[in-house]
Amino acid sequence: MRPIRLDLNGFGSYADTTTLDFSDVEFFALTGPTGAGKSTVLDSICFALYGRTPRLKGKLDFTIAPSATEGSVRFVFAAGANRYVLTRTLRRSKQGQVKTQNAGIERLPADVDVTDANELTSGLGTPLATGANKVNTVVEKIIGLPFEQFTKSVLLPQGEFAQFLHATAAERRNILENLLGHGVYADIQRKAAARRDHADTTRKTLDAQLAKIPTVGDADLSHAEGKVTELDDLSHTVRQRAEELDNLTTTVTNLRERLTALDADLSHLTYVKRPHGLDDLTERFNDAAEKVAAKAADVENAEADDERLREELAGLNLAVITRRIDAWHQLHECENNINLGTEMVDALKGEISEQRELVDAAREEVDVQTQQVEQARLVDFAGSLRDQLAEGYPCPVCDQEVDRLPKRDINHALHDAQQAVGLAKQELEDAEKNLQSNESKLITYETRLNERLAEQKRLKRKLAEAPDLAQLQEQQERAEAADSRLKASSTTLATARKALRAAQKRRDTIENEHQNAWHDFRHARDQVAGLNPPVAPDDLHTAWGELVDWAKARHADTRAARDEVQRELAASDDRAGALRRDMAGALAEVGVKAPTGGTGTDYITAHLEATKDARFRLDGLRESRQRRVDLESEIGRHVREWEVAKALADHLKANRFTGWLLSEALDELVLGASQTLNRISNGQYDLVRRDNEFWVIDHHDADLARPVRSLSGGETFAASLSLALALSDQLAAMASGGTALESILLDEGFGTLDPDSLDAVATTLEALTTDSNRMVGVVTHVADLANRVPVRYEVTKGVRGSRVEKLVN
């Protein structure tokens with residue numbers, strides 16, 4: 001993995017968009033004050049690749065700039081011959097939690113200028129994965145290292161520089177297996193075991209298939225070949241006789257069709273028979289026609305009588321006469337009612353006049369009796385005042401309080417006068433009621449009388465131009481007599497018409513019989529039209545006679561022709577039967593069952609099917625023999641494959657081979673790291689491996705051997721750097737093709753070195769970039785080292801966050 005371009009926006013301390021261009025860099029240093037954001041650059045590279053950083057231990061809370069809610073990293077890098085662009089976006093939730101929102105990786109085309117931000121647009125390359133987990137999987141396949149091993153051999157983070165040096169034997173084994181691709185041997189062992197099992201299963205399957213295939217001997221093949229030869233030899237004979245049989249079959253078919261046609265002609269000729277009742281048909285028709293004429297004359301006479309009577313009755317409308325007579329009777333009744341009503345009105349008017357006089361007299365009597373009561377009251381005025389006194393109240397006359405009531409004398413005259421007034425008023429009321437009743441009755445009488453007068457006036461207008469009653473009654477008698485005669489005439493006419501219809505129906509029935517006789521004749525003639533019957537004359541009797549005579553003669557000729565065809569058909573059937581027996585016998589000799597009563601094509605088909613079956617059986621025997629040969633050969637091949645796979649799986653089964661390879665690789669790694677350490681320490685230390693652990697030989701202390709855990713900080717950094725450089729240099733060349741360590745990134749640790757060691761480290765890193773084409777990046781505070789690096793990225797931090805400036809020494 002070689003970095004090419006890094007774009008940060010809102011990531012860590014980089015609030016604004018920041019770009020680091022590594023496209024023309026082989027050896028660079030990240031410099032700047034503590035806390036400026038140097039290590040954040042390495043964190044962003046690791047986050048872009050794996051979605052996490054070693055410093056934050058998997059937490060993302062501080063990966064977004066404090067003032068931002070979203071951050072992103074875009075990392076362009078090369079691996080082998082391909083270039084890739086990785087993008088990850090972070091977002092801070094309202095609760096302050098930071099999560100990866102989007103992630104994607106694309107393989108870039110070769111002609112893209114990665115230094116131009118406009119060309120690095122989304123969707124430019126070939127998408128490889130989207131989503132954090134899928135991207136992580138793809139990155140591990142591209143780089144060849146998981147996160148834990150990447151941070152031990154490629155990117156050595158601050159504070160973890162010596163992890164590979166102090167790693168356990170198992171951890172170093174895993175790292176080296178991934179670096180060198182030695183996991184392939186475990187894969188080979190598994191595949192060999194799988195190939196062994198597959199070969200064994202296949203062999204057993206083939207054995208089972210072989211057991212199902214019958215063994216085919218030479219005798220079986222010879223018999224099958226002979227059968228095919230016999231059938232082939234019979235082919236010409238079968239076809240020749242089949243053709244003859246088909247010709248005979250055609251002849252038989254034609255004769256049968258001729259025989260069927262002659263039978264049909266005979267049937268149709270037999271059908272020609274003179275119908276019954278044809279002789280007297282004309283006589284019956286003429287008689288019926290005469291009866292129709294007679295009945296028509298009867299109807300005509302009856303219609304004349306009916307017409308005469310209707311003309312006679314036309315001037316005497318019985319209904320009008322009857323209505324006029326009724327009107328005269330109504331007029332007489334109305335006049336009688338008028339006379340009676342006039343008398344009743346006059347009598348009632350006289351009675352009303354008398355009642356009015358009685359009412360007037362009663363009113364006068366009431367007035368007289370009222371005056372008598374007033375006179376009696378004047379006489380008894382003091383008595384009336386006495387009635388107004390009450391004890392304890394003042395007197396209406398003297399205003400003195402009455403202490404007791406005086407004794408009162410009753411006036412009998414006043415009492416009698418008051419009773420007389422009451423009787424007079426009662427008589428007046430009765431008289432008025434009677435008067436009102438008679439006046440109402442008079443109104444009713446007068447109304448009814450007026451209605452009768454109006455009715456009289458209407459009836460008189462109606463009868464103004466009508467004859468008198470006697471004349472009308474005489475007309476009524478004459479009209480009733482004429483009407484009676486008309487009804488009798490109508491009955492006679494209806495009877496005559498009914499008789500005429502019956503005669504016409506009988507005549508039509510006989511005429512239909514005549515038409516049906518012609519229809520039967522035409523139908524009978526049509527049945528034999530193909531035999532050229534004689535032309536029919538106009539007379540029905542003659543036509544039927546000539547047709548019947550012709551049919552008898554033609555029937556005899558047709559019968560003779562049919563007998564001749566019958567004889568020819570029997571002879572052809574016999575010849576066809578003989579051919580069928582010959583072919584059946586010939587086919588039976590070669591074991592073919594022939595069809596019963598079939599055509600020539602049927603025998604040819606039976607022969608072809610038998611030949612086909614024989615050839616199929618012969619081919620099947622040959623195929624079975626060849627299939628057994630092929631299966632036996634294939635079984636042998638799988639047996640050999642099983643033996644080879646089993647031997648290989650057994651050799652790799654205990655990982656002894658892989659362990660030997662890793663041990664040799666680790667020795668090579670220690671040898672290269674020891675040379676680098678010796679150069680850095682100015683010949684003081686060599687690195688060795690004892691019991692799978694790292695030791696150093698101190699040549700300044702009588703070649704004393706001691707474990708690496710006993711080294712000081714500067715010495716530990718020198719030893720760790722030596723291992724890291726060896727991993728990047730020597731093991732990359734030893735790798736089997738899975739991993740190519742194209743860069744190494746170092747974070748801090750140089751401040752622990754003395755000037756001589758620092759100079760040796762700088763020289764070693766420079767040689768690494770020039771000799772092995774590796775990119776080297778360091779994070780350092782040491783000015784002497786930074787000044788020796790050709791490219792520096794100066795990191796500063798201000799109010800808006802961190803910014804980077806690229807400087808070339």
# chains A, B, ... in the order shown; residues from 1 in each chain; ligands from 1

$ residues_around --residues "Val629 of chain A" --least-positions-apart "2" --cutoff "12 Å" --atoms "only C-alpha atoms" --output "ChimeraX atom specification"
/A:206,210,213-216,622-627,631-636

$ residues_around --residues "Phe616 of chain A" --least-positions-apart "5" --cutoff "12 Å" --atoms "only C-alpha atoms" --output "list in words"
Ala224, Glu225, Lys227, Val228, Leu608, Glu609, Ala610, Thr611, Leu621, Arg622, Glu623 and Ser624 of chain A

$ write_last_selection --atoms "all heavy atoms" --output "PDB file, in the first residue's frame"
ATOM      1  N   ALA A 224     -26.364 -59.680 -32.408  1.00  0.00           N
ATOM      2  CA  ALA A 224     -27.054 -58.427 -32.709  1.00  0.00           C
ATOM      3  C   ALA A 224     -26.726 -57.942 -34.115  1.00  0.00           C
ATOM      4  O   ALA A 224     -27.605 -57.466 -34.848  1.00  0.00           O
ATOM      5  CB  ALA A 224     -26.668 -57.361 -31.680  1.00  0.00           C
ATOM      6  N   GLU A 225     -25.468 -58.094 -34.545  1.00  0.00           N
ATOM      7  CA  GLU A 225     -25.087 -57.682 -35.889  1.00  0.00           C
ATOM      8  C   GLU A 225     -25.770 -58.557 -36.931  1.00  0.00           C
ATOM      9  O   GLU A 225     -26.211 -58.072 -37.993  1.00  0.00           O
ATOM     10  CB  GLU A 225     -23.573 -57.760 -36.035  1.00  0.00           C
ATOM     11  CG  GLU A 225     -22.835 -56.693 -35.224  1.00  0.00           C
ATOM     12  CD  GLU A 225     -21.326 -56.922 -35.206  1.00  0.00           C
ATOM     13  OE1 GLU A 225     -20.895 -58.002 -35.678  1.00  0.00           O
ATOM     14  OE2 GLU A 225     -20.593 -56.040 -34.709  1.00  0.00           O
ATOM     15  N   LYS A 227     -28.666 -60.040 -36.617  1.00  0.00           N
ATOM     16  CA  LYS A 227     -30.074 -59.647 -36.662  1.00  0.00           C
ATOM     17  C   LYS A 227     -30.269 -58.432 -37.577  1.00  0.00           C
ATOM     18  O   LYS A 227     -31.192 -58.390 -38.402  1.00  0.00           O
ATOM     19  CB  LYS A 227     -30.543 -59.307 -35.247  1.00  0.00           C
ATOM     20  CG  LYS A 227     -32.018 -58.958 -35.148  1.00  0.00           C
ATOM     21  CD  LYS A 227     -32.880 -60.184 -35.284  1.00  0.00           C
ATOM     22  CE  LYS A 227     -34.325 -59.867 -34.958  1.00  0.00           C
ATOM     23  NZ  LYS A 227     -35.198 -61.044 -35.079  1.00  0.00           N
ATOM     24  N   VAL A 228     -29.383 -57.460 -37.479  1.00  0.00           N
ATOM     25  CA  VAL A 228     -29.468 -56.265 -38.322  1.00  0.00           C
ATOM     26  C   VAL A 228     -29.271 -56.641 -39.783  1.00  0.00           C
ATOM     27  O   VAL A 228     -29.981 -56.151 -40.685  1.00  0.00           O
ATOM     28  CB  VAL A 228     -28.425 -55.221 -37.876  1.00  0.00           C
ATOM     29  CG1 VAL A 228     -28.361 -54.068 -38.873  1.00  0.00           C
ATOM     30  CG2 VAL A 228     -28.754 -54.700 -36.490  1.00  0.00           C
ATOM     31  N   LEU A 608     -39.318 -51.434 -40.522  1.00  0.00           N
ATOM     32  CA  LEU A 608     -38.418 -50.342 -40.135  1.00  0.00           C
ATOM     33  C   LEU A 608     -38.264 -50.260 -38.631  1.00  0.00           C
ATOM     34  O   LEU A 608     -37.158 -50.022 -38.123  1.00  0.00           O
ATOM     35  CB  LEU A 608     -38.941 -49.019 -40.698  1.00  0.00           C
ATOM     36  CG  LEU A 608     -38.859 -48.855 -42.217  1.00  0.00           C
ATOM     37  CD1 LEU A 608     -39.501 -47.535 -42.630  1.00  0.00           C
ATOM     38  CD2 LEU A 608     -37.404 -48.893 -42.687  1.00  0.00           C
ATOM     39  N   GLU A 609     -39.373 -50.423 -37.905  1.00  0.00           N
ATOM     40  CA  GLU A 609     -39.300 -50.361 -36.442  1.00  0.00           C
ATOM     41  C   GLU A 609     -38.430 -51.493 -35.910  1.00  0.00           C
ATOM     42  O   GLU A 609     -37.627 -51.310 -34.985  1.00  0.00           O
ATOM     43  CB  GLU A 609     -40.707 -50.440 -35.838  1.00  0.00           C
ATOM     44  CG  GLU A 609     -41.560 -49.210 -36.074  1.00  0.00           C
ATOM     45  CD  GLU A 609     -41.023 -48.007 -35.327  1.00  0.00           C
ATOM     46  OE1 GLU A 609     -40.346 -48.193 -34.296  1.00  0.00           O
ATOM     47  OE2 GLU A 609     -41.264 -46.868 -35.777  1.00  0.00           O
ATOM     48  N   ALA A 610     -38.616 -52.706 -36.482  1.00  0.00           N
ATOM     49  CA  ALA A 610     -37.795 -53.833 -36.038  1.00  0.00           C
ATOM     50  C   ALA A 610     -36.322 -53.575 -36.346  1.00  0.00           C
ATOM     51  O   ALA A 610     -35.434 -53.868 -35.537  1.00  0.00           O
ATOM     52  CB  ALA A 610     -38.268 -55.120 -36.719  1.00  0.00           C
ATOM     53  N   THR A 611     -36.061 -53.038 -37.556  1.00  0.00           N
ATOM     54  CA  THR A 611     -34.666 -52.721 -37.918  1.00  0.00           C
ATOM     55  C   THR A 611     -34.095 -51.659 -36.979  1.00  0.00           C
ATOM     56  O   THR A 611     -32.942 -51.759 -36.528  1.00  0.00           O
ATOM     57  CB  THR A 611     -34.612 -52.227 -39.369  1.00  0.00           C
ATOM     58  OG1 THR A 611     -35.188 -53.210 -40.236  1.00  0.00           O
ATOM     59  CG2 THR A 611     -33.174 -51.945 -39.786  1.00  0.00           C
ATOM     60  N   LEU A 621     -25.409 -52.206 -27.088  1.00  0.00           N
ATOM     61  CA  LEU A 621     -24.377 -53.162 -26.660  1.00  0.00           C
ATOM     62  C   LEU A 621     -22.981 -52.576 -26.854  1.00  0.00           C
ATOM     63  O   LEU A 621     -22.106 -52.707 -25.988  1.00  0.00           O
ATOM     64  CB  LEU A 621     -24.528 -54.454 -27.457  1.00  0.00           C
ATOM     65  CG  LEU A 621     -25.808 -55.278 -27.154  1.00  0.00           C
ATOM     66  CD1 LEU A 621     -25.897 -56.460 -28.098  1.00  0.00           C
ATOM     67  CD2 LEU A 621     -25.825 -55.738 -25.702  1.00  0.00           C
ATOM     68  N   ARG A 622     -22.790 -51.950 -28.035  1.00  0.00           N
ATOM     69  CA  ARG A 622     -21.483 -51.331 -28.278  1.00  0.00           C
ATOM     70  C   ARG A 622     -21.206 -50.215 -27.280  1.00  0.00           C
ATOM     71  O   ARG A 622     -20.083 -50.082 -26.776  1.00  0.00           O
ATOM     72  CB  ARG A 622     -21.451 -50.778 -29.698  1.00  0.00           C
ATOM     73  CG  ARG A 622     -21.412 -51.863 -30.763  1.00  0.00           C
ATOM     74  CD  ARG A 622     -21.593 -51.261 -32.145  1.00  0.00           C
ATOM     75  NE  ARG A 622     -21.464 -52.285 -33.199  1.00  0.00           N
ATOM     76  CZ  ARG A 622     -21.734 -52.064 -34.480  1.00  0.00           C
ATOM     77  NH1 ARG A 622     -22.141 -50.853 -34.864  1.00  0.00           N
ATOM     78  NH2 ARG A 622     -21.586 -53.043 -35.369  1.00  0.00           N
ATOM     79  N   GLU A 623     -22.252 -49.397 -27.011  1.00  0.00           N
ATOM     80  CA  GLU A 623     -22.073 -48.296 -26.047  1.00  0.00           C
ATOM     81  C   GLU A 623     -21.795 -48.831 -24.644  1.00  0.00           C
ATOM     82  O   GLU A 623     -20.962 -48.286 -23.918  1.00  0.00           O
ATOM     83  CB  GLU A 623     -23.332 -47.417 -26.036  1.00  0.00           C
ATOM     84  CG  GLU A 623     -23.205 -46.204 -25.136  1.00  0.00           C
ATOM     85  CD  GLU A 623     -24.453 -45.349 -25.139  1.00  0.00           C
ATOM     86  OE1 GLU A 623     -25.381 -45.648 -25.922  1.00  0.00           O
ATOM     87  OE2 GLU A 623     -24.515 -44.387 -24.345  1.00  0.00           O
ATOM     88  N   SER A 624     -22.504 -49.913 -24.263  1.00  0.00           N
ATOM     89  CA  SER A 624     -22.276 -50.496 -22.929  1.00  0.00           C
ATOM     90  C   SER A 624     -20.838 -50.987 -22.805  1.00  0.00           C
ATOM     91  O   SER A 624     -20.167 -50.780 -21.782  1.00  0.00           O
ATOM     92  CB  SER A 624     -23.256 -51.635 -22.679  1.00  0.00           C
ATOM     93  OG  SER A 624     -24.584 -51.148 -22.642  1.00  0.00           O
TER      94      SER A 624
END

$ closest_residue --among "A:Gly131, A:Gly801, A:Gly545, A:Gly585" --to "Ala15 of chain A" --atoms "only C-alpha atoms"
A:Gly801

$ residues_around --residues "Ala294 of chain A" --least-positions-apart "5" --cutoff "10 Å" --atoms "only C-alpha atoms" --output "ChimeraX atom specification"
/A:289,299-300,499-500,503

$ atom_distance --atom1 "atom CA of Thr492 of chain A" --atom2 "atom CA of Lys505 of chain A"
20.1 Å

$ closest_residue --among "A:Ala649, A:Leu378, A:Ala614, A:Ala665" --to "His223 of chain A" --atoms "only C-alpha atoms"
A:Ala614

$ closest_residue --among "A:Ala132, A:Ala361, A:Leu262, A:Ile142" --to "Met1 of chain A" --atoms "only C-alpha atoms"
A:Ile142

$ closest_residue --among "A:Gly597, A:Asp416, A:Pro467, A:Arg404" --to "Ala376 of chain A" --atoms "only C-alpha atoms"
A:Asp416

$ select_by_dssp --residues "segment 61-295 of chain A" --states "strand (DSSP E or B)" --output "ChimeraX atom specification"
/A:64,70-79,82-92,98-107,126-130,155-156

$ closest_residue --among "A:Lys612, A:His166, A:Arg91, A:Arg461" --to "Trp695 of chain A" --atoms "only C-alpha atoms"
A:His166

$ atom_distance --atom1 "atom CA of Asn678 of chain A" --atom2 "atom CA of Asn692 of chain A"
20.6 Å

$ closest_residue --among "A:Ser802, A:Asn339, A:Asn438, A:Gln330" --to "Lys460 of chain A" --atoms "only C-alpha atoms"
A:Gln330

$ atom_distance --atom1 "atom CA of Arg2 of chain A" --atom2 "atom CA of Ser743 of chain A"
5.5 Å

$ residues_around --residues "segment 561-573 of chain A" --least-positions-apart "3" --cutoff "7 Å" --atoms "only C-alpha atoms" --output "PyMOL selection string"
chain A and resi 248+252+255+259+262+557-558+576-577

$ write_last_selection --atoms "all heavy atoms" --output "mmCIF file, in the first residue's frame"
data_model
loop_
_atom_site.group_PDB
_atom_site.id
_atom_site.type_symbol
_atom_site.label_atom_id
_atom_site.label_comp_id
_atom_site.auth_asym_id
_atom_site.auth_seq_id
_atom_site.Cartn_x
_atom_site.Cartn_y
_atom_site.Cartn_z
ATOM 1 N N LEU A 248 -53.074 -53.169 -54.829
ATOM 2 C CA LEU A 248 -54.296 -53.967 -54.662
ATOM 3 C C LEU A 248 -55.265 -53.295 -53.695
ATOM 4 O O LEU A 248 -56.487 -53.324 -53.903
ATOM 5 C CB LEU A 248 -53.933 -55.365 -54.153
ATOM 6 C CG LEU A 248 -53.492 -56.372 -55.215
ATOM 7 C CD1 LEU A 248 -53.024 -57.659 -54.555
ATOM 8 C CD2 LEU A 248 -54.641 -56.663 -56.194
ATOM 9 N N VAL A 252 -59.041 -52.398 -54.410
ATOM 10 C CA VAL A 252 -60.131 -52.844 -53.537
ATOM 11 C C VAL A 252 -60.941 -51.657 -53.043
ATOM 12 O O VAL A 252 -62.180 -51.687 -53.002
ATOM 13 C CB VAL A 252 -59.566 -53.663 -52.354
ATOM 14 C CG1 VAL A 252 -60.647 -53.877 -51.291
ATOM 15 C CG2 VAL A 252 -59.038 -55.000 -52.841
ATOM 16 N N LEU A 255 -63.116 -50.469 -55.852
ATOM 17 C CA LEU A 255 -64.244 -51.380 -56.065
ATOM 18 C C LEU A 255 -65.283 -51.247 -54.965
ATOM 19 O O LEU A 255 -66.499 -51.304 -55.222
ATOM 20 C CB LEU A 255 -63.730 -52.823 -56.151
ATOM 21 C CG LEU A 255 -62.922 -53.173 -57.411
ATOM 22 C CD1 LEU A 255 -62.308 -54.558 -57.295
ATOM 23 C CD2 LEU A 255 -63.809 -53.089 -58.666
ATOM 24 N N LEU A 259 -69.025 -50.300 -55.487
ATOM 25 C CA LEU A 259 -70.098 -51.138 -54.956
ATOM 26 C C LEU A 259 -71.043 -50.326 -54.081
ATOM 27 O O LEU A 259 -72.280 -50.493 -54.148
ATOM 28 C CB LEU A 259 -69.483 -52.295 -54.152
ATOM 29 C CG LEU A 259 -70.468 -53.386 -53.678
ATOM 30 C CD1 LEU A 259 -71.095 -54.094 -54.884
ATOM 31 C CD2 LEU A 259 -69.745 -54.396 -52.784
ATOM 32 N N LEU A 262 -73.230 -48.257 -56.341
ATOM 33 C CA LEU A 262 -74.290 -49.049 -56.982
ATOM 34 C C LEU A 262 -75.379 -49.413 -55.978
ATOM 35 O O LEU A 262 -76.580 -49.401 -56.319
ATOM 36 C CB LEU A 262 -73.683 -50.318 -57.597
ATOM 37 C CG LEU A 262 -72.787 -50.086 -58.833
ATOM 38 C CD1 LEU A 262 -72.083 -51.377 -59.232
ATOM 39 C CD2 LEU A 262 -73.612 -49.532 -59.997
ATOM 40 N N ASP A 557 -80.616 -53.257 -64.726
ATOM 41 C CA ASP A 557 -79.261 -53.031 -65.239
ATOM 42 C C ASP A 557 -78.269 -52.781 -64.099
ATOM 43 O O ASP A 557 -77.139 -53.294 -64.110
ATOM 44 C CB ASP A 557 -79.265 -51.833 -66.195
ATOM 45 C CG ASP A 557 -80.107 -52.107 -67.443
ATOM 46 O OD1 ASP A 557 -80.348 -53.276 -67.739
ATOM 47 O OD2 ASP A 557 -80.520 -51.107 -68.075
ATOM 48 N N THR A 558 -78.666 -52.008 -63.124
ATOM 49 C CA THR A 558 -77.775 -51.694 -61.989
ATOM 50 C C THR A 558 -77.481 -52.928 -61.158
ATOM 51 O O THR A 558 -76.351 -53.113 -60.682
ATOM 52 C CB THR A 558 -78.415 -50.615 -61.110
ATOM 53 O OG1 THR A 558 -78.719 -49.457 -61.907
ATOM 54 C CG2 THR A 558 -77.496 -50.207 -59.985
ATOM 55 N N ALA A 576 -54.908 -59.833 -52.094
ATOM 56 C CA ALA A 576 -54.316 -59.028 -51.010
ATOM 57 C C ALA A 576 -54.065 -59.871 -49.778
ATOM 58 O O ALA A 576 -53.039 -59.739 -49.095
ATOM 59 C CB ALA A 576 -55.246 -57.855 -50.676
ATOM 60 N N GLY A 577 -54.973 -60.793 -49.482
ATOM 61 C CA GLY A 577 -54.772 -61.678 -48.331
ATOM 62 C C GLY A 577 -53.562 -62.545 -48.501
ATOM 63 O O GLY A 577 -52.804 -62.792 -47.546
#

$ residues_around --residues "Ser674 of chain A" --least-positions-apart "2" --cutoff "10 Å" --atoms "only C-alpha atoms" --output "list in words"
Glu668, Leu669, Val670, Leu671, Gly672, Thr676, Leu677, Asn678, Arg679, Ile680, Tyr685, Asp686, Leu687, Val688, Val696, Ile697, Ala719, Ser722, Leu723 and Ala726 of chain A
